[in-house]
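Content type CSV, C-alpha atoms, from the file my_file.csv:
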chain,number,residue,atom,x,y,z
Y,8,MET,CA,-0.2,-0.9,16.0
Y,9,HIS,CA,2.0,1.7,14.3
Y,10,TYR,CA,0.2,4.5,12.4
Y,11,THR,CA,1.5,7.9,11.4
Y,12,GLY,CA,-1.0,10.7,10.6
Y,13,THR,CA,-4.4,10.2,9.1
Y,14,ILE,CA,-5.0,6.7,7.7
Y,15,TRP,CA,-6.6,6.8,4.2
Y,16,ARG,CA,-8.2,3.8,2.6
Y,17,PRO,CA,-10.9,3.4,-0.1
Y,18,PRO,CA,-14.4,2.7,1.2
Y,19,TYR,CA,-14.4,-0.8,-0.3
Y,20,GLU,CA,-11.5,-1.7,2.1
Y,21,ALA,CA,-13.6,-1.1,5.2
Y,22,ALA,CA,-13.4,-4.8,6.2
Y,23,SER,CA,-9.7,-5.2,5.4
Y,24,LEU,CA,-7.0,-5.4,8.0
Y,25,LEU,CA,-4.8,-2.2,7.7
Y,26,PHE,CA,-1.1,-2.2,8.0
Y,27,GLU,CA,1.0,0.9,7.6
Y,28,VAL,CA,4.0,0.1,5.4
Y,29,THR,CA,4.7,3.6,4.2
Y,30,ALA,CA,3.8,7.1,5.4
Y,31,GLY,CA,3.5,10.0,3.1
Y,32,CYS,CA,3.7,10.1,-0.6
Y,33,SER,CA,6.8,9.2,-2.6
Y,34,HIS,CA,5.9,11.7,-5.3
Y,35,HIS,CA,4.7,14.6,-3.0
Y,36,LYS,CA,4.6,17.1,-5.9
Y,37,ARG,CA,1.0,17.1,-7.1
Y,38,LYS,CA,-0.7,20.4,-7.0
Y,39,PHE,CA,-3.8,20.7,-4.8
Y,40,CYS,CA,-2.9,17.5,-2.8
Y,41,THR,CA,-3.1,18.0,0.9
Y,42,LEU,CA,-3.6,14.4,2.1
Y,43,TYR,CA,-0.2,14.1,3.7
Y,44,HIS,CA,0.7,17.7,4.6
Y,45,ASP,CA,0.3,17.0,8.3
Y,46,LEU,CA,3.4,14.8,8.3
Y,47,PRO,CA,6.8,16.2,9.4
Y,48,PHE,CA,8.4,14.4,6.4
Y,49,LYS,CA,7.5,13.7,2.8
Y,50,PHE,CA,7.8,9.9,2.6
Y,51,ARG,CA,9.2,7.0,4.6
Y,52,MET,CA,8.9,3.2,4.7
Y,53,SER,CA,7.9,1.6,7.9
Y,54,PRO,CA,10.7,-0.5,9.3
Y,55,LEU,CA,10.1,-4.2,8.6
Y,56,GLU,CA,10.3,-4.8,12.4
Y,57,ASP,CA,7.3,-2.5,12.9
Y,58,ILE,CA,5.3,-4.2,10.2
Y,59,GLU,CA,6.1,-7.6,11.7
Y,60,SER,CA,5.2,-6.4,15.2
Y,61,ASP,CA,1.8,-5.1,13.8
Y,62,VAL,CA,1.1,-8.4,12.0
Y,63,ARG,CA,1.9,-10.4,15.1
Y,64,GLU,CA,-0.3,-8.1,17.2
Y,65,VAL,CA,-3.2,-8.9,14.9
Y,66,GLN,CA,-2.4,-12.6,15.1
Y,67,ARG,CA,-2.6,-12.5,18.9
Y,68,ALA,CA,-5.7,-10.4,18.9
Y,69,MET,CA,-7.5,-12.7,16.5
Y,70,LYS,CA,-6.9,-16.0,18.4
Y,71,GLY,CA,-10.2,-17.7,18.8
Y,72,TRP,CA,-12.1,-15.3,16.5
Y,73,ASN,CA,-14.1,-16.5,13.5
Y,74,ARG,CA,-11.8,-15.2,10.7
Y,75,GLY,CA,-14.2,-16.2,7.9
Y,76,HIS,CA,-14.7,-12.6,6.9
Y,77,THR,CA,-11.1,-11.4,7.3
Y,78,ARG,CA,-9.3,-12.5,4.2
Y,79,ARG,CA,-7.8,-9.2,3.0
Y,80,VAL,CA,-5.1,-6.9,4.0
Y,81,PHE,CA,-4.8,-3.3,2.8
Y,82,LEU,CA,-1.3,-1.7,3.1
Y,83,THR,CA,-1.6,1.9,4.0
Y,84,GLY,CA,0.4,4.9,2.9
Y,85,ALA,CA,0.0,7.0,-0.2
Y,86,ASN,CA,1.6,4.4,-2.5
Y,87,PRO,CA,3.1,1.4,-0.8
Y,88,PHE,CA,3.5,-0.3,-4.1
Y,89,VAL,CA,6.5,2.0,-4.7
Y,90,LEU,CA,8.5,-0.3,-2.5
Y,91,SER,CA,10.9,-2.6,-4.1
Y,92,TYR,CA,9.9,-6.1,-5.2
Y,93,ASP,CA,12.0,-7.5,-2.4
Y,94,LYS,CA,10.3,-5.4,0.3
Y,95,LEU,CA,6.8,-6.2,-1.1
Y,96,THR,CA,7.8,-9.9,-1.1
Y,97,ALA,CA,9.0,-9.7,2.5
Y,98,ILE,CA,5.8,-8.0,3.6
Y,99,ALA,CA,3.7,-10.7,1.9
Y,100,ASP,CA,5.8,-13.4,3.6
Y,101,LEU,CA,5.1,-11.9,7.0
Y,102,ILE,CA,1.4,-11.8,6.3
Y,103,ARG,CA,1.4,-15.4,5.1
Y,104,LYS,CA,3.5,-16.5,8.1
Y,105,TYR,CA,1.4,-15.0,10.8
Y,106,LEU,CA,-2.0,-14.6,9.1
Y,107,PRO,CA,-2.3,-17.6,6.8
Y,108,PHE,CA,-6.1,-17.0,6.4
Y,109,VAL,CA,-5.4,-13.8,4.5
Y,110,LYS,CA,-5.6,-14.5,0.7
Y,111,SER,CA,-5.6,-11.0,-0.8
Y,112,ILE,CA,-3.4,-7.9,-0.4
Y,113,GLY,CA,-4.3,-4.4,-1.7
Y,114,SER,CA,-2.7,-1.0,-1.6
Y,115,PHE,CA,-2.6,2.4,-3.2
Y,116,ALA,CA,-0.2,2.7,-6.2
Y,117,ARG,CA,1.0,5.2,-8.7
Y,118,ILE,CA,1.3,4.2,-12.4
Y,119,THR,CA,5.1,4.6,-12.1
Y,120,ASP,CA,5.1,2.1,-9.2
Y,121,ILE,CA,3.7,-0.5,-11.6
Y,122,THR,CA,5.7,0.4,-14.7
Y,123,SER,CA,9.0,0.2,-12.8
Y,124,LYS,CA,8.5,-3.5,-12.1
Y,125,THR,CA,8.9,-6.2,-14.7
Y,126,ASP,CA,6.0,-8.3,-15.9
Y,127,LYS,CA,7.6,-11.3,-14.3
Y,128,LYS,CA,7.9,-9.6,-10.9
Y,129,LEU,CA,4.3,-8.3,-11.2
Y,130,ALA,CA,3.1,-11.8,-11.9
Y,131,LYS,CA,5.0,-13.1,-8.9
Y,132,LEU,CA,3.6,-10.4,-6.6
Y,133,ARG,CA,0.1,-11.4,-7.9
Y,134,ASP,CA,0.8,-15.0,-7.0
Y,135,MET,CA,1.8,-13.8,-3.5
Y,136,GLY,CA,-1.6,-12.1,-3.0
Y,137,TYR,CA,-1.2,-8.6,-4.4
Y,138,ASP,CA,-4.4,-8.4,-6.3
Y,139,GLY,CA,-6.0,-5.0,-5.7
Y,140,LEU,CA,-4.1,-1.9,-6.5
Y,141,THR,CA,-6.0,1.4,-6.1
Y,142,ILE,CA,-4.5,3.8,-8.6
Y,143,GLY,CA,-5.2,7.6,-8.6
Y,144,ILE,CA,-5.8,8.3,-12.2
Y,145,GLU,CA,-7.4,11.8,-12.4
Y,146,THR,CA,-7.5,12.2,-16.2
Y,147,ASP,CA,-6.2,10.9,-19.5
Y,148,ASP,CA,-5.3,14.4,-20.7
Y,149,ASP,CA,-1.6,15.0,-20.9
Y,150,GLU,CA,-2.0,18.8,-20.5
Y,151,ALA,CA,-4.0,18.3,-17.3
Y,152,LEU,CA,-1.5,15.8,-16.0
Y,153,ARG,CA,1.3,18.2,-16.5
Y,154,PHE,CA,-0.7,21.0,-14.9
Y,155,ILE,CA,-1.4,19.1,-11.7
Y,156,ASN,CA,2.2,17.8,-11.8
Y,157,LYS,CA,1.2,14.1,-11.6
Y,158,GLY,CA,4.6,13.0,-12.6
Y,159,TYR,CA,3.7,11.0,-15.7
Y,160,THR,CA,1.8,11.4,-19.0
Y,161,VAL,CA,-0.8,9.2,-20.7
Y,162,PHE,CA,1.8,7.4,-22.9
Step by step, read the file and then write its structure as structure tokens.
Amino acid sequence: MHYTGTIWRPPYEAASLLFEVTAGCSHHKRKFCTLYHDLPFKFRMSPLEDIESDVREVQRAMKGWNRGHTRRVFLTGANPFVLSYDKLTAIADLIRKYLPFVKSIGSFARITDITSKTDKKLAKLRDMGYDGLTIGIETDDDEALRFINKGYTVF
């Protein structure tokens, strides 16, 4: 399995399969954030070949296992949903191809990762299994958002 630095995931993803598809944060400008400071780079996407290798490794490891409780994948990295629609689709295709028992895909996302995709593309991603985005919304106060340099405002 390919992992870079500390792997962060929400507590409710404890039973999910974890695949690193990004490392670091694409925004990387928020004040006070030290989650990814141990990396020698700000942000990168995992090569699709590495993701496929990891998914195939899990497929081989799970042969003969009761997969009844493993129905979800969580994509790791600060905000994997920043990836293009085409890359997210390719990742979902790999998961479906090698792990057909997986029905749900989650990841971290920024508001800007969502608003940059059309409603039609978001609906298609939902149909492909992307159904649980964890979004870091610290506040609904524009002044505070500017102060912490979140990179967006409420409206």
Report task. Take the point (-10.2, -9.8, 2.8) in the file's coordinates, draw a sphere of radius 10 Å around it, and report as a PyMOL selection string every protein, DNA or RNA residue with an atom inside or on it, counting only C-alpha atoms. Result -> chain Y and resi 20-24+74-81+108-113
Report summary line: Using all atoms listed in the file, the shortest atom-to-atom distance to Y:Lys131 among Y:Val65, Y:Ile14, Y:Leu106, Y:Ala99 belongs to Y:Ala99
Query raised in the report: For Y:Asp138, which residue among Y:Met69, Y:Val89, Y:Leu82, Y:Leu55 is the nearest when counting all atoms listed in the file?
Result: Y:Leu82
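Distance-wise, atom CA of Y:Ile142 and atom CA of Y:Ala116 end up 5.0 Å apart.
Using all atoms listed in the file, the nearest neighbour of Y:Ala85 within the list Y:Tyr10, Y:Trp15, Y:Phe26, Y:Tyr137 is Y:Trp15.
The residue that comes closest to Y:Glu59, out of Y:Leu101, Y:Met8, Y:Leu25, Y:Leu95 and on the basis of all atoms listed in the file, is Y:Leu101.
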**Report entry** Residues within 12 Å of Y:Glu56, all atoms listed in the file, excluding chain neighbours under 4 positions, as a PyMOL selection string
**Finding:** chain Y and resi 8-9+27-28+52+60-63+97-98+101
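Taking atom CA of Y:Met135 and atom CA of Y:Arg103 as the two end points, the separation is 8.8 Å.
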Query raised in the report: Looking at Y:Gly71, Y:Gly136, Y:Pro18, Y:Pro87, which one is nearest to Y:Asp120, with distances taken over all atoms listed in the file?
Result: Y:Pro87
Residues of stretch 72-103 of chain Y within 10 Å of stretch 123-128 of chain Y: nearest atom pair and distance (Å, one decimal) for each, counting all atoms listed in the file, sorted by chain and number, as CSV?
residue,atom,partner,partner_atom,distance
Y:Phe88,CA,Y:Lys124,CA,10.0
Y:Val89,CA,Y:Ser123,CA,8.7
Y:Ser91,CA,Y:Lys124,CA,8.4
Y:Tyr92,CA,Y:Lys128,CA,7.0
Y:Asp93,CA,Y:Lys128,CA,9.7
Y:Thr96,CA,Y:Lys128,CA,9.8
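When atom CA of Y:Thr119 is paired with atom CA of Y:Lys104, their separation reads 29.3 Å.
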For a cutoff of 8 Å around the file-coordinate point (9.4, 4.0, 9.0), which residues qualify once you count only C-alpha atoms? I'd like the result as a CSV table (one decimal) with C-alpha atoms, in the frame of the given file.
chain,number,residue,atom,x,y,z
Y,28,VAL,CA,4.0,0.1,5.4
Y,29,THR,CA,4.7,3.6,4.2
Y,30,ALA,CA,3.8,7.1,5.4
Y,51,ARG,CA,9.2,7.0,4.6
Y,52,MET,CA,8.9,3.2,4.7
Y,53,SER,CA,7.9,1.6,7.9
Y,54,PRO,CA,10.7,-0.5,9.3
Y,57,ASP,CA,7.3,-2.5,12.9
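Distance annotation: of Y:Thr83, Y:Trp72, Y:Leu140, Y:Gln66, the residue with the minimal separation from Y:Ile118 is Y:Leu140; atom set is only C-alpha atoms.
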